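Let me begin by presenting the structure, written as structure tokens, before commenting on it.
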Amino acid sequence: MSNFPRYAIYYLPAAGSALAQFGSAMLGYDVVSGDDVPFGEATACIADWRDITADPQGYGFHATLKAPFGLSGGRSESDLLWACATFAETPRAIPQITPVIRPIGRFIALVPEGPSDMLQQLAADCVRDFDEFRAPLSAEDRARRKPERLTPEQVGYLDRWGYPYVMDEFRFHMTLTGSLDPARHDELLALLRGQFAATGIDRLAIDRIAVLRQDARGARFKSIAQFELRSADY
């Protein structure tokens, strides 16, 4: 069984920003405050919108940089927070993306319009630098990842890093729906793209990391700390 609490290193939009408000309204959950928030008017009229967003709501509006993990023996939450603060203070190139709404497989997410080497590097750095805090996967947790459905490379990443979608398998995405019938993609893409366009966001700096905690299986993740990344241009 997983160690609890579990922690994750995510990108979260700055609290109170247009992007944070958009994501919270889409999912009905503010991951920073830990509070339910009303769905936006455009989605509230969709009868099953609560069901559509049930899975991503549990994690909040985010992009994964280091997937959820239990702490390894001898490590504490304060140790992890100190390491994140140190990581954030290390000067680095700050990725800039053009965000768009697209389907990824059967769900819909906010993703970069094109590839970004700087973003791939940031994610890889998070995977490596925080791995000393990660307790090894239990057999049960490994089985939850359904390794029989993964490629050999993904299985290798799962066993080495505790998560299959890292390094060259990493794809930055901020999930907005659960798994959908593809027949509904056009309808919901139009709605989500319209709502996102209303924010006026056409460029996004991935300029911070956040530490989130999940206290028990099935509990929602909540942000416990955010750290702005120091730009190498400073």
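Labels for the structure tokens follow display order: chains A, B, ..., residues from 1 in each chain, ligands from 1.
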
So that I can check the surroundings of Glu113 in chain A, please list as an NGL selection string every protein, DNA and RNA residue that reaches within 9 Å of it, counting only C-alpha atoms and ignoring chain neighbours fewer than 4 positions away. :A and (97-101)

Nearby residues (only C-alpha atoms) at most 10 Å from range 186-193 of chain A, same-chain spacing under 5 positions excluded, as a PDB file with N, CA, C and O atoms, in the first residue's frame:
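Result file is around_32.pdb:
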ATOM      1  N   PHE A  22      -9.733  30.105 -14.099  1.00  0.00           N
ATOM      2  CA  PHE A  22     -10.293  29.277 -15.169  1.00  0.00           C
ATOM      3  C   PHE A  22     -10.311  27.811 -14.751  1.00  0.00           C
ATOM      4  O   PHE A  22     -11.343  27.129 -14.830  1.00  0.00           O
ATOM      5  N   MET A  26     -13.535  25.336 -13.964  1.00  0.00           N
ATOM      6  CA  MET A  26     -13.795  24.173 -14.799  1.00  0.00           C
ATOM      7  C   MET A  26     -13.949  22.907 -13.956  1.00  0.00           C
ATOM      8  O   MET A  26     -14.794  22.049 -14.235  1.00  0.00           O
ATOM      9  N   ALA A  42     -21.079  28.254 -18.159  1.00  0.00           N
ATOM     10  CA  ALA A  42     -21.122  27.515 -19.418  1.00  0.00           C
ATOM     11  C   ALA A  42     -21.122  26.010 -19.196  1.00  0.00           C
ATOM     12  O   ALA A  42     -21.736  25.265 -19.959  1.00  0.00           O
ATOM     13  N   THR A  43     -20.424  25.543 -18.154  1.00  0.00           N
ATOM     14  CA  THR A  43     -20.373  24.103 -17.897  1.00  0.00           C
ATOM     15  C   THR A  43     -21.475  23.649 -16.951  1.00  0.00           C
ATOM     16  O   THR A  43     -21.864  22.479 -16.973  1.00  0.00           O
ATOM     17  N   ILE A  46     -24.299  21.665 -18.392  1.00  0.00           N
ATOM     18  CA  ILE A  46     -24.063  20.316 -18.906  1.00  0.00           C
ATOM     19  C   ILE A  46     -24.388  19.336 -17.788  1.00  0.00           C
ATOM     20  O   ILE A  46     -23.731  19.332 -16.737  1.00  0.00           O
ATOM     21  N   VAL A 100      -2.816  25.794 -25.478  1.00  0.00           N
ATOM     22  CA  VAL A 100      -3.987  25.496 -26.296  1.00  0.00           C
ATOM     23  C   VAL A 100      -4.765  24.364 -25.629  1.00  0.00           C
ATOM     24  O   VAL A 100      -4.226  23.623 -24.805  1.00  0.00           O
ATOM     25  N   ILE A 101      -6.025  24.235 -25.998  1.00  0.00           N
ATOM     26  CA  ILE A 101      -6.879  23.159 -25.483  1.00  0.00           C
ATOM     27  C   ILE A 101      -6.984  22.087 -26.562  1.00  0.00           C
ATOM     28  O   ILE A 101      -7.423  22.365 -27.685  1.00  0.00           O
ATOM     29  N   ARG A 102      -6.574  20.868 -26.202  1.00  0.00           N
ATOM     30  CA  ARG A 102      -6.592  19.770 -27.169  1.00  0.00           C
ATOM     31  C   ARG A 102      -6.976  18.465 -26.469  1.00  0.00           C
ATOM     32  O   ARG A 102      -6.765  18.318 -25.261  1.00  0.00           O
ATOM     33  N   PRO A 103      -7.476  17.501 -27.248  1.00  0.00           N
ATOM     34  CA  PRO A 103      -7.664  16.160 -26.678  1.00  0.00           C
ATOM     35  C   PRO A 103      -6.323  15.446 -26.563  1.00  0.00           C
ATOM     36  O   PRO A 103      -5.429  15.628 -27.403  1.00  0.00           O
ATOM     37  N   ILE A 108      -9.438  15.724 -22.328  1.00  0.00           N
ATOM     38  CA  ILE A 108      -9.120  17.043 -22.880  1.00  0.00           C
ATOM     39  C   ILE A 108      -8.276  17.794 -21.862  1.00  0.00           C
ATOM     40  O   ILE A 108      -8.528  17.731 -20.655  1.00  0.00           O
ATOM     41  N   ALA A 109      -7.268  18.509 -22.364  1.00  0.00           N
ATOM     42  CA  ALA A 109      -6.345  19.194 -21.463  1.00  0.00           C
ATOM     43  C   ALA A 109      -5.816  20.455 -22.110  1.00  0.00           C
ATOM     44  O   ALA A 109      -5.897  20.657 -23.328  1.00  0.00           O
ATOM     45  N   LEU A 110      -5.254  21.317 -21.275  1.00  0.00           N
ATOM     46  CA  LEU A 110      -4.461  22.450 -21.740  1.00  0.00           C
ATOM     47  C   LEU A 110      -3.045  21.950 -21.946  1.00  0.00           C
ATOM     48  O   LEU A 110      -2.453  21.360 -21.042  1.00  0.00           O
ATOM     49  N   LEU A 176      -8.473  18.726 -17.934  1.00  0.00           N
ATOM     50  CA  LEU A 176      -9.758  19.405 -17.740  1.00  0.00           C
ATOM     51  C   LEU A 176     -10.948  18.455 -17.693  1.00  0.00           C
ATOM     52  O   LEU A 176     -12.030  18.848 -17.250  1.00  0.00           O
ATOM     53  N   THR A 177     -10.772  17.237 -18.170  1.00  0.00           N
ATOM     54  CA  THR A 177     -11.866  16.261 -18.136  1.00  0.00           C
ATOM     55  C   THR A 177     -11.309  14.886 -17.794  1.00  0.00           C
ATOM     56  O   THR A 177     -10.110  14.636 -17.926  1.00  0.00           O
ATOM     57  N   LEU A 180     -13.428  10.472 -21.920  1.00  0.00           N
ATOM     58  CA  LEU A 180     -14.659  10.830 -22.619  1.00  0.00           C
ATOM     59  C   LEU A 180     -14.931   9.882 -23.777  1.00  0.00           C
ATOM     60  O   LEU A 180     -14.000   9.362 -24.402  1.00  0.00           O
ATOM     61  N   ALA A 198     -11.670  33.335 -23.451  1.00  0.00           N
ATOM     62  CA  ALA A 198     -12.163  34.484 -22.696  1.00  0.00           C
ATOM     63  C   ALA A 198     -11.168  34.962 -21.637  1.00  0.00           C
ATOM     64  O   ALA A 198     -11.265  36.096 -21.167  1.00  0.00           O
TER      65      ALA A 198
END

I want to know what sits within 12 Å of Gly16 in chain A, based on only C-alpha atoms, with residues of the same chain fewer than 2 positions away left out; could you give that as a ChimeraX atom specification? /A:12-14,18-25,30-33

Test item: residues at most 12 Å from Ala44 in chain A, only C-alpha atoms, excluding those fewer than 6 positions along its chain, as a PyMOL selection string: chain A and resi 25-28+37-38+50-53+191

Taking the DSSP assignment computed from this structure's backbone, write out as a PyMOL selection string all residues of range 24-186 of chain A that belong to strand (DSSP E). chain A and resi 29-30+35-36+63-70+96-97+99-104+107-112+174-175

At a cut-off of 9 Å, using only C-alpha atoms, what residues contact Pro182 in chain A? Leave out same-chain residues fewer than 6 positions from it and give the result as a PyMOL selection string. chain A and resi 105-107

For each of A:Arg144, A:Phe69, A:Ala93, A:Phe172, take the minimum atom-to-atom distance to Pro115 in chain A, counting only C-alpha atoms, then give the residue where this is smallest.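 Looking only at the distances to Pro115 in chain A, the closest residue turns out to be A:Phe172.
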
Selection near Ser223 in chain A, 10 Å with only C-alpha atoms, sequence-local residues under 2 positions removed, as JSON, numbers by chain: {"A": [7, 8, 9, 10, 12, 30, 31, 32, 33, 34, 59, 60, 210, 211, 212, 213, 214, 221, 225, 226]}

I need the chosen residues saved as a short mmCIF file (atom, residue, chain, number, x, y, z; two decimals), in the first residue's frame, with all heavy atoms.
data_model
loop_
_atom_site.label_atom_id
_atom_site.label_comp_id
_atom_site.auth_asym_id
_atom_site.auth_seq_id
_atom_site.Cartn_x
_atom_site.Cartn_y
_atom_site.Cartn_z
N TYR A 7 2.86 12.98 -1.54
CA TYR A 7 3.22 14.31 -2.00
C TYR A 7 3.41 14.28 -3.51
O TYR A 7 3.64 13.22 -4.12
CB TYR A 7 4.52 14.77 -1.33
CG TYR A 7 4.37 14.91 0.16
CD1 TYR A 7 4.55 13.81 1.00
CD2 TYR A 7 4.01 16.13 0.73
CE1 TYR A 7 4.39 13.93 2.37
CE2 TYR A 7 3.85 16.26 2.11
CZ TYR A 7 4.03 15.15 2.92
OH TYR A 7 3.87 15.27 4.27
N ALA A 8 3.31 15.44 -4.14
CA ALA A 8 3.56 15.56 -5.57
C ALA A 8 4.15 16.93 -5.83
O ALA A 8 3.89 17.88 -5.08
CB ALA A 8 2.26 15.39 -6.37
N ILE A 9 4.97 17.01 -6.88
CA ILE A 9 5.52 18.29 -7.33
C ILE A 9 4.81 18.63 -8.64
O ILE A 9 4.94 17.90 -9.63
CB ILE A 9 7.04 18.22 -7.58
CG1 ILE A 9 7.75 17.57 -6.39
CG2 ILE A 9 7.59 19.61 -7.87
CD1 ILE A 9 7.62 18.30 -5.09
N TYR A 10 4.05 19.71 -8.61
CA TYR A 10 3.24 20.10 -9.75
C TYR A 10 3.58 21.53 -10.16
O TYR A 10 4.11 22.32 -9.37
CB TYR A 10 1.75 20.09 -9.40
CG TYR A 10 1.11 18.74 -9.20
CD1 TYR A 10 -0.12 18.65 -8.55
CD2 TYR A 10 1.69 17.56 -9.66
CE1 TYR A 10 -0.76 17.42 -8.38
CE2 TYR A 10 1.07 16.35 -9.49
CZ TYR A 10 -0.16 16.28 -8.84
OH TYR A 10 -0.79 15.08 -8.67
N LEU A 12 1.46 24.71 -10.71
CA LEU A 12 0.16 25.33 -10.51
C LEU A 12 0.23 26.77 -10.98
O LEU A 12 1.24 27.45 -10.74
CB LEU A 12 -0.23 25.34 -9.02
CG LEU A 12 -0.41 24.02 -8.29
CD1 LEU A 12 -0.84 24.29 -6.84
CD2 LEU A 12 -1.42 23.13 -8.98
N ASP A 30 -10.73 24.51 -5.90
CA ASP A 30 -9.55 25.37 -5.80
C ASP A 30 -8.49 24.60 -5.03
O ASP A 30 -8.62 24.39 -3.82
CB ASP A 30 -9.91 26.67 -5.06
CG ASP A 30 -8.75 27.65 -5.00
OD1 ASP A 30 -7.59 27.22 -4.99
OD2 ASP A 30 -9.01 28.87 -4.95
N VAL A 31 -7.45 24.15 -5.73
CA VAL A 31 -6.44 23.28 -5.13
C VAL A 31 -5.56 24.02 -4.13
O VAL A 31 -4.91 23.40 -3.29
CB VAL A 31 -5.60 22.62 -6.24
CG1 VAL A 31 -4.68 23.63 -6.90
CG2 VAL A 31 -4.82 21.44 -5.71
N VAL A 32 -5.54 25.35 -4.18
CA VAL A 32 -4.74 26.12 -3.22
C VAL A 32 -5.48 26.28 -1.90
O VAL A 32 -4.94 26.04 -0.83
CB VAL A 32 -4.36 27.49 -3.81
CG1 VAL A 32 -3.65 28.35 -2.77
CG2 VAL A 32 -3.44 27.30 -5.03
N SER A 33 -6.74 26.67 -1.96
CA SER A 33 -7.52 26.84 -0.73
C SER A 33 -8.07 25.52 -0.20
O SER A 33 -8.38 25.39 0.98
CB SER A 33 -8.68 27.81 -0.97
OG SER A 33 -9.65 27.23 -1.83
N GLY A 34 -8.22 24.55 -1.11
CA GLY A 34 -8.85 23.29 -0.74
C GLY A 34 -10.37 23.36 -0.70
O GLY A 34 -11.03 22.44 -0.20
N TYR A 59 -7.17 16.01 -8.16
CA TYR A 59 -5.78 16.47 -8.21
C TYR A 59 -5.68 17.98 -8.33
O TYR A 59 -4.59 18.54 -8.16
CB TYR A 59 -5.06 15.81 -9.39
CG TYR A 59 -4.99 14.31 -9.28
CD1 TYR A 59 -6.03 13.51 -9.78
CD2 TYR A 59 -3.91 13.69 -8.67
CE1 TYR A 59 -5.97 12.13 -9.67
CE2 TYR A 59 -3.86 12.31 -8.56
CZ TYR A 59 -4.89 11.53 -9.06
OH TYR A 59 -4.84 10.16 -8.93
N GLY A 60 -6.79 18.64 -8.64
CA GLY A 60 -6.75 20.07 -8.89
C GLY A 60 -6.21 20.36 -10.27
O GLY A 60 -5.67 19.49 -10.97
N ALA A 210 5.00 23.70 -7.16
CA ALA A 210 4.18 23.62 -5.95
C ALA A 210 4.31 22.23 -5.37
O ALA A 210 4.50 21.24 -6.09
CB ALA A 210 2.72 23.92 -6.27
N VAL A 211 4.21 22.16 -4.05
CA VAL A 211 4.15 20.88 -3.35
C VAL A 211 2.70 20.66 -2.92
O VAL A 211 2.10 21.54 -2.29
CB VAL A 211 5.06 20.86 -2.12
CG1 VAL A 211 5.00 19.49 -1.43
CG2 VAL A 211 6.50 21.19 -2.50
N LEU A 212 2.16 19.51 -3.28
CA LEU A 212 0.80 19.16 -2.90
C LEU A 212 0.84 17.92 -2.02
O LEU A 212 1.75 17.09 -2.13
CB LEU A 212 -0.08 18.92 -4.13
CG LEU A 212 -0.48 20.20 -4.87
CD1 LEU A 212 0.59 20.63 -5.84
CD2 LEU A 212 -1.80 20.01 -5.59
N ARG A 213 -0.17 17.80 -1.16
CA ARG A 213 -0.25 16.67 -0.24
C ARG A 213 -1.62 16.02 -0.34
O ARG A 213 -2.65 16.70 -0.45
CB ARG A 213 0.00 17.14 1.19
CG ARG A 213 0.04 15.98 2.23
CD ARG A 213 0.39 16.50 3.61
NE ARG A 213 -0.65 17.39 4.10
CZ ARG A 213 -0.41 18.44 4.91
NH1 ARG A 213 0.81 18.73 5.30
NH2 ARG A 213 -1.42 19.19 5.32
N GLN A 214 -1.62 14.70 -0.30
CA GLN A 214 -2.85 13.91 -0.23
C GLN A 214 -2.78 13.11 1.07
O GLN A 214 -1.86 12.31 1.28
CB GLN A 214 -2.95 12.96 -1.42
CG GLN A 214 -4.22 12.12 -1.44
CD GLN A 214 -4.15 10.99 -2.45
OE1 GLN A 214 -3.09 10.39 -2.67
NE2 GLN A 214 -5.28 10.68 -3.07
N PHE A 221 -5.98 16.17 -3.43
CA PHE A 221 -4.70 16.84 -3.21
C PHE A 221 -4.95 18.31 -2.90
O PHE A 221 -5.89 18.92 -3.41
CB PHE A 221 -3.81 16.71 -4.44
CG PHE A 221 -3.09 15.40 -4.54
CD1 PHE A 221 -3.71 14.28 -5.06
CD2 PHE A 221 -1.78 15.28 -4.12
CE1 PHE A 221 -3.05 13.07 -5.17
CE2 PHE A 221 -1.10 14.09 -4.21
CZ PHE A 221 -1.74 12.97 -4.74
N ALA A 225 2.56 24.43 -0.46
CA ALA A 225 3.61 25.44 -0.64
C ALA A 225 3.83 25.65 -2.13
O ALA A 225 3.68 24.72 -2.94
CB ALA A 225 4.92 25.00 0.01
N GLN A 226 4.17 26.88 -2.50
CA GLN A 226 4.52 27.22 -3.88
C GLN A 226 5.83 27.99 -3.88
O GLN A 226 6.09 28.78 -2.96
CB GLN A 226 3.42 28.03 -4.54
CG GLN A 226 2.11 27.27 -4.70
CD GLN A 226 1.11 27.99 -5.58
OE1 GLN A 226 1.47 28.49 -6.65
NE2 GLN A 226 -0.12 28.08 -5.14
#

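Atom pair CA of Tyr165 in chain A / CA of Ala123 in chain A has a distance of 10.6 Å (rounded to one decimal).
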
Can you pull out the residues contacting Arg230 in chain A? Cut-off 8 Å, using only C-alpha atoms, and skip same-chain residues under 3 positions away; I want them as a list in words.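 My reading of the contact set: Ala88, Glu89, Thr90, Pro91, Arg92, Asp207 and Tyr234 of chain A.
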
Would you put the residues from that selection into a file with all heavy atoms, as a compact mmCIF listing (two decimals), in the first residue's frame?
# COMPACT_ATOMS: atom_id res chain seq x y z
N ALA A 88 14.14 25.86 -6.39
CA ALA A 88 13.58 27.07 -7.00
C ALA A 88 14.59 28.20 -7.06
O ALA A 88 14.53 29.05 -7.95
CB ALA A 88 12.33 27.51 -6.24
N GLU A 89 15.52 28.23 -6.12
CA GLU A 89 16.52 29.29 -6.07
C GLU A 89 17.66 29.08 -7.06
O GLU A 89 18.46 29.99 -7.30
CB GLU A 89 17.09 29.42 -4.65
CG GLU A 89 16.21 30.21 -3.71
CD GLU A 89 16.03 31.64 -4.18
OE1 GLU A 89 17.04 32.31 -4.47
OE2 GLU A 89 14.87 32.09 -4.27
N THR A 90 17.75 27.90 -7.63
CA THR A 90 18.80 27.61 -8.62
C THR A 90 18.43 28.26 -9.94
O THR A 90 17.39 27.94 -10.52
CB THR A 90 18.96 26.09 -8.81
OG1 THR A 90 19.25 25.49 -7.55
CG2 THR A 90 20.07 25.79 -9.81
N PRO A 91 19.24 29.20 -10.44
CA PRO A 91 18.87 29.89 -11.69
C PRO A 91 18.69 28.91 -12.85
O PRO A 91 19.49 27.98 -13.02
CB PRO A 91 20.05 30.84 -11.93
CG PRO A 91 20.66 31.04 -10.58
CD PRO A 91 20.51 29.73 -9.88
N ARG A 92 17.67 29.12 -13.65
CA ARG A 92 17.40 28.24 -14.79
C ARG A 92 16.61 29.01 -15.84
O ARG A 92 16.01 30.06 -15.55
CB ARG A 92 16.62 27.00 -14.35
CG ARG A 92 15.19 27.29 -13.91
CD ARG A 92 14.50 26.05 -13.35
NE ARG A 92 15.08 25.65 -12.07
CZ ARG A 92 15.76 24.52 -11.89
NH1 ARG A 92 15.90 23.66 -12.88
NH2 ARG A 92 16.26 24.23 -10.71
N ASP A 207 6.75 29.05 -14.42
CA ASP A 207 7.72 29.78 -13.60
C ASP A 207 7.63 29.47 -12.11
O ASP A 207 8.13 30.22 -11.29
CB ASP A 207 7.53 31.29 -13.80
CG ASP A 207 6.13 31.77 -13.44
OD1 ASP A 207 5.28 30.92 -13.07
OD2 ASP A 207 5.88 32.99 -13.52
N TYR A 234 18.15 36.76 -14.32
CA TYR A 234 18.25 37.74 -13.23
C TYR A 234 19.69 38.16 -13.04
O TYR A 234 20.61 37.39 -13.22
CB TYR A 234 17.73 37.13 -11.92
CG TYR A 234 16.22 37.02 -11.85
CD1 TYR A 234 15.40 37.40 -12.91
CD2 TYR A 234 15.61 36.49 -10.73
CE1 TYR A 234 14.03 37.29 -12.83
CE2 TYR A 234 14.24 36.36 -10.65
CZ TYR A 234 13.46 36.76 -11.71
OH TYR A 234 12.09 36.63 -11.62
